[in-house]
$ cat work_21.pdb   # PDB, C-alpha atoms
MODEL        1
ATOM      1  CA  MET A 644       9.189-123.571 133.232
ATOM      2  CA  LEU A 645       7.176-123.203 130.041
ATOM      3  CA  TYR A 646       4.115-124.849 131.618
ATOM      4  CA  GLU A 647       3.935-122.151 134.313
ATOM      5  CA  LEU A 648       4.405-119.450 131.673
ATOM      6  CA  LEU A 649       1.503-120.898 129.681
ATOM      7  CA  LYS A 650      -0.761-121.070 132.728
ATOM      8  CA  GLY A 651      -0.136-117.374 133.431
ATOM      9  CA  ARG A 652      -0.421-116.039 129.870
ATOM     10  CA  ARG A 653      -3.708-114.300 129.128
ATOM     11  CA  SER A 654      -4.772-111.955 126.342
ATOM     12  CA  ILE A 655      -4.111-108.408 127.525
ATOM     13  CA  ARG A 656      -5.987-105.558 125.854
ATOM     14  CA  LYS A 657      -5.229-102.722 128.279
ATOM     15  CA  PHE A 658      -1.698-101.433 128.567
ATOM     16  CA  GLN A 659       0.149 -99.003 130.807
ATOM     17  CA  ASP A 660       1.333 -95.777 129.195
ATOM     18  CA  LYS A 661       4.923 -97.004 129.347
ATOM     19  CA  GLU A 662       7.333 -97.721 126.511
ATOM     20  CA  VAL A 663       8.689-101.213 126.064
ATOM     21  CA  GLU A 664      12.463-101.020 126.437
ATOM     22  CA  LYS A 665      14.553-101.537 123.292
ATOM     23  CA  ASP A 666      16.360-104.543 124.770
ATOM     24  CA  LYS A 667      13.010-106.257 125.408
ATOM     25  CA  ILE A 668      11.820-105.490 121.881
ATOM     26  CA  ASP A 669      15.107-106.900 120.552
ATOM     27  CA  THR A 670      14.690-110.072 122.620
ATOM     28  CA  ILE A 671      11.138-110.577 121.362
ATOM     29  CA  LEU A 672      12.160-110.025 117.735
ATOM     30  CA  LYS A 673      15.208-112.297 117.985
ATOM     31  CA  SER A 674      12.964-114.947 119.517
ATOM     32  CA  ALA A 675      10.628-114.598 116.532
ATOM     33  CA  LEU A 676      13.590-115.128 114.201
ATOM     34  CA  LEU A 677      14.288-118.416 116.016
ATOM     35  CA  SER A 678      10.805-119.695 115.180
ATOM     36  CA  PRO A 679      10.708-123.006 113.364
ATOM     37  CA  SER A 680       9.359-123.109 109.837
ATOM     38  CA  SER A 681       8.591-125.784 107.312
ATOM     39  CA  ARG A 682      11.715-126.895 105.465
ATOM     40  CA  ALA A 683      13.512-123.930 107.123
ATOM     41  CA  ARG A 684      12.011-121.606 104.496
ATOM     42  CA  LYS A 685      11.344-118.833 107.051
ATOM     43  CA  PRO A 686       8.672-117.065 104.977
ATOM     44  CA  TRP A 687       7.811-114.684 107.813
ATOM     45  CA  GLU A 688       9.007-111.148 108.445
ATOM     46  CA  PHE A 689       8.159-108.814 111.312
ATOM     47  CA  ILE A 690       7.432-105.102 111.481
ATOM     48  CA  ALA A 691       7.838-103.642 114.983
ATOM     49  CA  VAL A 692       5.676-100.530 115.286
ATOM     50  CA  THR A 693       6.187 -98.098 118.177
ATOM     51  CA  ASP A 694       5.040 -94.880 116.506
ATOM     52  CA  LYS A 695       1.805 -93.800 118.242
ATOM     53  CA  GLU A 696       0.196 -92.444 115.074
ATOM     54  CA  LEU A 697       0.910 -95.646 113.154
ATOM     55  CA  LEU A 698      -0.443 -97.723 116.054
ATOM     56  CA  ARG A 699      -3.596 -95.581 115.996
ATOM     57  CA  LYS A 700      -4.004 -96.156 112.251
ATOM     58  CA  LEU A 701      -3.357 -99.882 112.623
ATOM     59  CA  SER A 702      -5.930-100.047 115.428
ATOM     60  CA  GLN A 703      -8.511 -99.210 112.766
ATOM     61  CA  CYS A 704      -7.551-102.143 110.524
ATOM     62  CA  ARG A 705     -10.654-104.146 111.408
ATOM     63  CA  GLU A 706     -14.288-103.339 111.921
ATOM     64  CA  HIS A 707     -14.126-104.993 115.365
ATOM     65  CA  GLY A 708     -11.457-106.314 117.702
ATOM     66  CA  SER A 709      -8.427-104.151 116.997
ATOM     67  CA  VAL A 710      -9.141-100.761 118.600
ATOM     68  CA  PHE A 711      -7.129-101.597 121.756
ATOM     69  CA  LEU A 712      -3.924-101.541 119.670
ATOM     70  CA  ALA A 713      -4.027 -97.721 119.872
ATOM     71  CA  GLY A 714      -3.239 -98.023 123.598
ATOM     72  CA  ALA A 715      -0.349-100.453 123.170
ATOM     73  CA  PRO A 716       3.234 -99.174 123.088
ATOM     74  CA  LEU A 717       4.246-101.883 120.594
ATOM     75  CA  GLY A 718       2.571-103.721 117.764
ATOM     76  CA  ILE A 719       4.358-106.465 115.873
ATOM     77  CA  VAL A 720       2.916-107.050 112.418
ATOM     78  CA  VAL A 721       3.546-110.599 111.238
ATOM     79  CA  ILE A 722       3.775-110.892 107.461
ATOM     80  CA  ALA A 723       4.950-113.647 105.140
ATOM     81  CA  ASP A 724       6.008-114.177 101.561
ATOM     82  CA  SER A 725       3.329-116.699 100.623
ATOM     83  CA  GLU A 726       5.290-117.714  97.506
ATOM     84  CA  LYS A 727       8.193-118.977  99.644
ATOM     85  CA  CYS A 728       6.232-121.674 101.373
ATOM     86  CA  ASP A 729       2.820-123.332 101.039
ATOM     87  CA  VAL A 730       2.388-123.434 104.842
ATOM     88  CA  TRP A 731       3.200-119.777 105.483
ATOM     89  CA  ILE A 732       0.049-119.454 107.623
ATOM     90  CA  GLU A 733       1.212-122.166 110.000
ATOM     91  CA  ASP A 734       4.775-120.829 110.071
ATOM     92  CA  SER A 735       3.531-117.291 110.782
ATOM     93  CA  SER A 736       1.186-118.549 113.483
ATOM     94  CA  ILE A 737       4.016-120.395 115.217
ATOM     95  CA  ALA A 738       6.173-117.250 115.113
ATOM     96  CA  SER A 739       3.277-115.215 116.501
ATOM     97  CA  ILE A 740       2.820-117.407 119.550
ATOM     98  CA  ILE A 741       6.571-117.349 120.125
ATOM     99  CA  ILE A 742       6.304-113.547 120.143
ATOM    100  CA  GLN A 743       3.543-113.791 122.748
ATOM    101  CA  LEU A 744       5.423-116.270 124.937
ATOM    102  CA  SER A 745       8.602-114.174 124.725
ATOM    103  CA  ALA A 746       6.624-111.118 125.812
ATOM    104  CA  GLN A 747       5.120-113.076 128.710
ATOM    105  CA  SER A 748       8.584-114.222 129.823
ATOM    106  CA  LEU A 749       9.595-110.543 129.990
ATOM    107  CA  ASP A 750       6.588-109.628 132.189
ATOM    108  CA  LEU A 751       4.804-108.021 129.252
ATOM    109  CA  GLY A 752       1.249-108.653 128.143
ATOM    110  CA  SER A 753       0.129-109.321 124.599
ATOM    111  CA  CYS A 754      -2.892-110.013 122.444
ATOM    112  CA  TRP A 755      -3.203-111.452 118.941
ATOM    113  CA  ILE A 756      -5.203-109.437 116.415
ATOM    114  CA  GLN A 757      -6.268-111.665 113.534
ATOM    115  CA  VAL A 758      -5.829-109.956 110.153
ATOM    116  CA  ARG A 759      -5.886-112.632 107.462
ATOM    117  CA  GLU A 760      -9.409-113.077 106.090
ATOM    118  CA  ARG A 761     -10.814-110.191 108.163
ATOM    119  CA  PRO A 762     -12.526-107.119 106.694
ATOM    120  CA  HIS A 763     -11.422-103.536 107.215
ATOM    121  CA  SER A 764     -14.619-102.275 105.654
ATOM    122  CA  GLU A 765     -17.313-103.526 103.321
ATOM    123  CA  ASN A 766     -15.030-103.010 100.320
ATOM    124  CA  GLU A 767     -11.533-103.544 101.708
ATOM    125  CA  LYS A 768      -9.690-106.328 103.496
ATOM    126  CA  ALA A 769      -7.820-105.564 106.722
ATOM    127  CA  GLU A 770      -4.681-106.921 105.075
ATOM    128  CA  ASP A 771      -4.886-104.424 102.208
ATOM    129  CA  TYR A 772      -5.443-101.539 104.621
ATOM    130  CA  ILE A 773      -2.349-102.525 106.650
ATOM    131  CA  LYS A 774      -0.232-102.959 103.522
ATOM    132  CA  GLN A 775      -1.132 -99.426 102.481
ATOM    133  CA  VAL A 776      -0.455 -97.921 105.933
ATOM    134  CA  LEU A 777       2.955 -99.621 106.304
ATOM    135  CA  GLY A 778       4.076 -99.748 102.660
ATOM    136  CA  ILE A 779       4.207-103.564 102.599
ATOM    137  CA  PRO A 780       4.982-104.982  99.125
ATOM    138  CA  GLU A 781       2.104-106.739  97.367
ATOM    139  CA  ARG A 782       3.693-110.222  97.421
ATOM    140  CA  TYR A 783       3.437-110.373 101.232
ATOM    141  CA  SER A 784       0.437-111.575 103.179
ATOM    142  CA  VAL A 785      -0.462-110.247 106.637
ATOM    143  CA  GLU A 786      -1.308-112.908 109.213
ATOM    144  CA  CYS A 787      -1.792-110.848 112.368
ATOM    145  CA  ILE A 788      -0.643-108.053 114.634
ATOM    146  CA  VAL A 789       0.499-108.829 118.165
ATOM    147  CA  ALA A 790      -0.112-105.959 120.592
ATOM    148  CA  VAL A 791       2.544-105.866 123.333
ATOM    149  CA  GLY A 792       3.042-103.778 126.453
ATOM    150  CA  TYR A 793       3.011-103.598 130.217
ATOM    151  CA  PRO A 794      -0.393-104.849 131.385
ATOM    152  CA  ALA A 795      -2.846-102.336 132.835
ATOM    153  CA  GLU A 796      -5.280-105.089 133.736
ATOM    154  CA  ASP A 797      -4.992-108.056 136.043
ATOM    155  CA  LYS A 798      -6.203-111.367 134.712
ATOM    156  CA  LYS A 799      -6.122-114.518 136.775
ATOM    157  CA  GLY A 800      -4.035-117.319 135.301
ATOM    158  CA  TYR A 801      -5.541-120.607 134.253
ATOM    159  CA  ASP A 802      -6.513-123.128 136.926
ATOM    160  CA  GLU A 803      -5.134-126.571 136.174
ATOM    161  CA  ASN A 804      -8.271-128.149 137.660
ATOM    162  CA  GLU A 805     -10.434-126.379 135.068
ATOM    163  CA  LEU A 806      -8.579-127.564 131.971
ATOM    164  CA  PRO A 807     -10.798-129.351 129.409
ATOM    165  CA  TYR A 808      -9.308-132.798 130.007
ATOM    166  CA  GLU A 809     -12.103-134.357 127.934
ATOM    167  CA  LYS A 810     -10.241-133.061 124.880
ATOM    168  CA  LEU A 811      -7.301-135.390 125.565
ATOM    169  CA  HIS A 812      -7.160-138.827 123.931
ATOM    170  CA  PHE A 813      -4.538-141.550 124.120
ATOM    171  CA  ASN A 814      -3.760-143.983 121.333
ATOM    172  CA  LYS A 815      -7.277-143.726 119.856
ATOM    173  CA  TYR A 816     -10.171-141.305 119.961
TER
ENDMDL
END
$ encode --input "work_21.pdb" --output "structure tokens"
Amino acid sequence: MLYELLKGRRSIRKFQDKEVEKDKIDTILKSALLSPSSRARKPWEFIAVTDKELLRKLSQCREHGSVFLAGAPLGIVVIADSEKCDVWIEDSSIASIIIQLSAQSLDLGSCWIQVRERPHSENEKAEDYIKQVLGIPERYSVECIVAVGYPAEDKKGYDENELPYEKLHFNKY
């Protein structure tokens, strides 16, 4: 059940030195292609990166928070043609969480690396750095990278009794 999958999904930043099988990568990518989008515009596209050197370069896309990508066997870069749809950010975000839930359903761990609006350096955006590394055409925007692999860390799932129920409202605030 999806609820159980959600309770067990945690951000994984340490991965085993083990390739993700092609059939699992295919399942994750096909799941991403099934993601809903506003007016069925599907502005998103996905770049699956398994090359270790490219993963190392991508792990340097941000000043902080992306270095663990170098240890992942798979990174999925989520890009979108921002001219296709005014809500490309939302559409790309939905596709990204579907990638993460698909990975979780396959006993893989994942972690979102935010790219949009993050710096690579004082003079360059993370997005521009990634576009250069992967040869992404200028018209595309980069939302995030999802690191995927077999977990090398154990994280306890969420406890239902510790959910922030005070954030739930019915009928009115």
$ resolve_selection --input "work_21.pdb" --expression "the PyMOL selection byres ((chain A and resi 751) around 7)" --output "PyMOL selection string"
chain A and resi 746-747+749-750+752-753+791-794
$ closest_residue --input "work_21.pdb" --among "A:His812, A:Lys768, A:His707, A:Arg699" --to "Ala790 (chain A)" --atoms "only C-alpha atoms"
A:Arg699
$ atom_distance --input "work_21.pdb" --atom1 "CA of Ile722 (chain A)" --atom2 "CA of Glu706 (chain A)"
20.1 Å
$ closest_residue --input "work_21.pdb" --among "A:Gln659, A:Ser748, A:Asn766, A:Asn814" --to "Glu647 (chain A)" --atoms "only C-alpha atoms"
A:Ser748
$ closest_residue --input "work_21.pdb" --among "A:Ala675, A:Val663, A:Leu648, A:Cys754" --to "Val692 (chain A)" --atoms "all atoms listed in the file"
A:Val663
$ closest_residue --input "work_21.pdb" --among "A:Leu777, A:Leu649, A:Ile655, A:Leu806" --to "Asp694 (chain A)" --atoms "all atoms listed in the file"
A:Leu777
$ closest_residue --input "work_21.pdb" --among "A:Leu811, A:Ser654, A:Tyr646, A:Glu688" --to "Ala738 (chain A)" --atoms "only C-alpha atoms"
A:Glu688
$ residues_around --input "work_21.pdb" --residues "Ser745 (chain A)" --least-positions-apart "5" --cutoff "8 Å" --atoms "all atoms listed in the file" --output "PDB file with C-alpha atoms, keeping the file's coordinate frame"
ATOM      1  CA  THR A 670      14.690-110.072 122.620  1.00  0.00           C
ATOM      2  CA  ILE A 671      11.138-110.577 121.362  1.00  0.00           C
ATOM      3  CA  SER A 674      12.964-114.947 119.517  1.00  0.00           C
TER       4      SER A 674
END
$ resolve_selection --input "work_21.pdb" --expression "the PyMOL selection byres ((chain A and resi 739) around 10)" --output "number ranges by chain"
A: 675, 678, 687, 689, 719-721, 733-738, 740-745, 755, 786-789
$ write_last_selection --input "work_21.pdb" --atoms "C-alpha atoms" --output "compact mmCIF listing (two decimals), keeping the file's coordinate frame"
# COMPACT_ATOMS: atom_id res chain seq x y z
CA ALA A 675 10.63 -114.60 116.53
CA SER A 678 10.80 -119.70 115.18
CA TRP A 687 7.81 -114.68 107.81
CA PHE A 689 8.16 -108.81 111.31
CA ILE A 719 4.36 -106.46 115.87
CA VAL A 720 2.92 -107.05 112.42
CA VAL A 721 3.55 -110.60 111.24
CA GLU A 733 1.21 -122.17 110.00
CA ASP A 734 4.78 -120.83 110.07
CA SER A 735 3.53 -117.29 110.78
CA SER A 736 1.19 -118.55 113.48
CA ILE A 737 4.02 -120.40 115.22
CA ALA A 738 6.17 -117.25 115.11
CA ILE A 740 2.82 -117.41 119.55
CA ILE A 741 6.57 -117.35 120.12
CA ILE A 742 6.30 -113.55 120.14
CA GLN A 743 3.54 -113.79 122.75
CA LEU A 744 5.42 -116.27 124.94
CA SER A 745 8.60 -114.17 124.72
CA TRP A 755 -3.20 -111.45 118.94
CA GLU A 786 -1.31 -112.91 109.21
CA CYS A 787 -1.79 -110.85 112.37
CA ILE A 788 -0.64 -108.05 114.63
CA VAL A 789 0.50 -108.83 118.16
$ closest_residue --input "work_21.pdb" --among "A:Ala691, A:Leu717, A:Arg705, A:Ser784" --to "Arg761 (chain A)" --atoms "all atoms listed in the file"
A:Arg705
$ atom_distance --input "work_21.pdb" --atom1 "CA of Arg656 (chain A)" --atom2 "CA of Gly708 (chain A)"
9.8 Å
$ residues_around --input "work_21.pdb" --residues "Leu698 (chain A)" --least-positions-apart "2" --cutoff "8 Å" --atoms "all atoms listed in the file" --output "JSON, numbers by chain"
{"A": [692, 693, 694, 695, 696, 700, 701, 702, 712, 713, 715, 717, 718]}
$ write_last_selection --input "work_21.pdb" --atoms "C-alpha atoms" --output "PDB file, in the frame of the given file"
ATOM      1  CA  VAL A 692       5.676-100.530 115.286  1.00  0.00           C
ATOM      2  CA  THR A 693       6.187 -98.098 118.177  1.00  0.00           C
ATOM      3  CA  ASP A 694       5.040 -94.880 116.506  1.00  0.00           C
ATOM      4  CA  LYS A 695       1.805 -93.800 118.242  1.00  0.00           C
ATOM      5  CA  GLU A 696       0.196 -92.444 115.074  1.00  0.00           C
ATOM      6  CA  LYS A 700      -4.004 -96.156 112.251  1.00  0.00           C
ATOM      7  CA  LEU A 701      -3.357 -99.882 112.623  1.00  0.00           C
ATOM      8  CA  SER A 702      -5.930-100.047 115.428  1.00  0.00           C
ATOM      9  CA  LEU A 712      -3.924-101.541 119.670  1.00  0.00           C
ATOM     10  CA  ALA A 713      -4.027 -97.721 119.872  1.00  0.00           C
ATOM     11  CA  ALA A 715      -0.349-100.453 123.170  1.00  0.00           C
ATOM     12  CA  LEU A 717       4.246-101.883 120.594  1.00  0.00           C
ATOM     13  CA  GLY A 718       2.571-103.721 117.764  1.00  0.00           C
TER      14      GLY A 718
END
$ atom_distance --input "work_21.pdb" --atom1 "CA of Asp724 (chain A)" --atom2 "CA of Ile756 (chain A)"
19.2 Å
$ decode --input "work_21.pdb" --residues "region 656-685 of chain A" --atoms "N, CA and C atoms" --output "PDB file, in the first residue's frame"
ATOM      1  N   ARG A 656      21.469   9.088   1.656  1.00  0.00           N
ATOM      2  CA  ARG A 656      22.630   9.794   1.099  1.00  0.00           C
ATOM      3  C   ARG A 656      23.888   8.922   1.043  1.00  0.00           C
ATOM      4  N   LYS A 657      23.769   7.688   1.504  1.00  0.00           N
ATOM      5  CA  LYS A 657      24.890   6.747   1.436  1.00  0.00           C
ATOM      6  C   LYS A 657      24.405   5.506   0.701  1.00  0.00           C
ATOM      7  N   PHE A 658      25.165   5.140  -0.319  1.00  0.00           N
ATOM      8  CA  PHE A 658      24.752   4.046  -1.190  1.00  0.00           C
ATOM      9  C   PHE A 658      25.802   2.947  -1.245  1.00  0.00           C
ATOM     10  N   GLN A 659      25.330   1.712  -1.431  1.00  0.00           N
ATOM     11  CA  GLN A 659      26.234   0.590  -1.635  1.00  0.00           C
ATOM     12  C   GLN A 659      26.925   0.758  -2.989  1.00  0.00           C
ATOM     13  N   ASP A 660      28.108   0.180  -3.103  1.00  0.00           N
ATOM     14  CA  ASP A 660      28.834   0.202  -4.372  1.00  0.00           C
ATOM     15  C   ASP A 660      28.286  -0.926  -5.237  1.00  0.00           C
ATOM     16  N   LYS A 661      27.079  -0.725  -5.720  1.00  0.00           N
ATOM     17  CA  LYS A 661      26.346  -1.748  -6.475  1.00  0.00           C
ATOM     18  C   LYS A 661      25.498  -1.048  -7.527  1.00  0.00           C
ATOM     19  N   GLU A 662      25.650  -1.486  -8.770  1.00  0.00           N
ATOM     20  CA  GLU A 662      24.876  -0.889  -9.861  1.00  0.00           C
ATOM     21  C   GLU A 662      23.386  -1.154  -9.677  1.00  0.00           C
ATOM     22  N   VAL A 663      22.583  -0.210 -10.132  1.00  0.00           N
ATOM     23  CA  VAL A 663      21.148  -0.423 -10.204  1.00  0.00           C
ATOM     24  C   VAL A 663      20.880  -1.119 -11.535  1.00  0.00           C
ATOM     25  N   GLU A 664      20.165  -2.231 -11.469  1.00  0.00           N
ATOM     26  CA  GLU A 664      19.899  -3.037 -12.659  1.00  0.00           C
ATOM     27  C   GLU A 664      19.109  -2.238 -13.700  1.00  0.00           C
ATOM     28  N   LYS A 665      19.385  -2.523 -14.965  1.00  0.00           N
ATOM     29  CA  LYS A 665      18.745  -1.807 -16.075  1.00  0.00           C
ATOM     30  C   LYS A 665      17.230  -1.900 -16.001  1.00  0.00           C
ATOM     31  N   ASP A 666      16.690  -3.062 -15.641  1.00  0.00           N
ATOM     32  CA  ASP A 666      15.232  -3.187 -15.586  1.00  0.00           C
ATOM     33  C   ASP A 666      14.637  -2.285 -14.501  1.00  0.00           C
ATOM     34  N   LYS A 667      15.362  -2.080 -13.403  1.00  0.00           N
ATOM     35  CA  LYS A 667      14.878  -1.171 -12.364  1.00  0.00           C
ATOM     36  C   LYS A 667      14.960   0.280 -12.829  1.00  0.00           C
ATOM     37  N   ILE A 668      16.035   0.625 -13.510  1.00  0.00           N
ATOM     38  CA  ILE A 668      16.155   1.979 -14.063  1.00  0.00           C
ATOM     39  C   ILE A 668      15.014   2.226 -15.046  1.00  0.00           C
ATOM     40  N   ASP A 669      14.751   1.242 -15.907  1.00  0.00           N
ATOM     41  CA  ASP A 669      13.662   1.370 -16.887  1.00  0.00           C
ATOM     42  C   ASP A 669      12.317   1.560 -16.199  1.00  0.00           C
ATOM     43  N   THR A 670      12.075   0.814 -15.137  1.00  0.00           N
ATOM     44  CA  THR A 670      10.810   0.938 -14.401  1.00  0.00           C
ATOM     45  C   THR A 670      10.670   2.331 -13.791  1.00  0.00           C
ATOM     46  N   ILE A 671      11.745   2.825 -13.209  1.00  0.00           N
ATOM     47  CA  ILE A 671      11.716   4.165 -12.607  1.00  0.00           C
ATOM     48  C   ILE A 671      11.446   5.223 -13.682  1.00  0.00           C
ATOM     49  N   LEU A 672      12.139   5.117 -14.812  1.00  0.00           N
ATOM     50  CA  LEU A 672      11.969   6.111 -15.871  1.00  0.00           C
ATOM     51  C   LEU A 672      10.591   6.039 -16.516  1.00  0.00           C
ATOM     52  N   LYS A 673      10.070   4.833 -16.711  1.00  0.00           N
ATOM     53  CA  LYS A 673       8.713   4.700 -17.257  1.00  0.00           C
ATOM     54  C   LYS A 673       7.689   5.259 -16.271  1.00  0.00           C
ATOM     55  N   SER A 674       7.933   5.061 -14.991  1.00  0.00           N
ATOM     56  CA  SER A 674       7.046   5.632 -13.977  1.00  0.00           C
ATOM     57  C   SER A 674       7.056   7.154 -14.065  1.00  0.00           C
ATOM     58  N   ALA A 675       8.238   7.730 -14.261  1.00  0.00           N
ATOM     59  CA  ALA A 675       8.347   9.183 -14.403  1.00  0.00           C
ATOM     60  C   ALA A 675       7.540   9.672 -15.604  1.00  0.00           C
ATOM     61  N   LEU A 676       7.573   8.899 -16.695  1.00  0.00           N
ATOM     62  CA  LEU A 676       6.826   9.281 -17.891  1.00  0.00           C
ATOM     63  C   LEU A 676       5.317   9.204 -17.683  1.00  0.00           C
ATOM     64  N   LEU A 677       4.882   8.483 -16.663  1.00  0.00           N
ATOM     65  CA  LEU A 677       3.456   8.396 -16.325  1.00  0.00           C
ATOM     66  C   LEU A 677       3.009   9.522 -15.402  1.00  0.00           C
ATOM     67  N   SER A 678       3.928  10.385 -15.014  1.00  0.00           N
ATOM     68  CA  SER A 678       3.605  11.476 -14.099  1.00  0.00           C
ATOM     69  C   SER A 678       2.551  12.403 -14.699  1.00  0.00           C
ATOM     70  N   PRO A 679       1.616  12.832 -13.874  1.00  0.00           N
ATOM     71  CA  PRO A 679       0.637  13.796 -14.374  1.00  0.00           C
ATOM     72  C   PRO A 679       1.290  15.154 -14.595  1.00  0.00           C
ATOM     73  N   SER A 680       0.688  15.922 -15.503  1.00  0.00           N
ATOM     74  CA  SER A 680       1.168  17.280 -15.735  1.00  0.00           C
ATOM     75  C   SER A 680      -0.020  18.150 -16.122  1.00  0.00           C
ATOM     76  N   SER A 681       0.124  19.412 -15.872  1.00  0.00           N
ATOM     77  CA  SER A 681      -0.936  20.362 -16.174  1.00  0.00           C
ATOM     78  C   SER A 681      -1.281  20.331 -17.659  1.00  0.00           C
ATOM     79  N   ARG A 682      -2.550  20.185 -17.927  1.00  0.00           N
ATOM     80  CA  ARG A 682      -3.072  20.158 -19.304  1.00  0.00           C
ATOM     81  C   ARG A 682      -2.353  19.134 -20.178  1.00  0.00           C
ATOM     82  N   ALA A 683      -1.778  18.100 -19.531  1.00  0.00           N
ATOM     83  CA  ALA A 683      -1.057  17.023 -20.239  1.00  0.00           C
ATOM     84  C   ALA A 683       0.055  17.554 -21.141  1.00  0.00           C
ATOM     85  N   ARG A 684       0.674  18.660 -20.735  1.00  0.00           N
ATOM     86  CA  ARG A 684       1.749  19.264 -21.527  1.00  0.00           C
ATOM     87  C   ARG A 684       3.062  18.489 -21.419  1.00  0.00           C
ATOM     88  N   LYS A 685       3.272  17.804 -20.312  1.00  0.00           N
ATOM     89  CA  LYS A 685       4.481  16.999 -20.086  1.00  0.00           C
ATOM     90  C   LYS A 685       5.762  17.784 -20.434  1.00  0.00           C
TER      91      LYS A 685
END
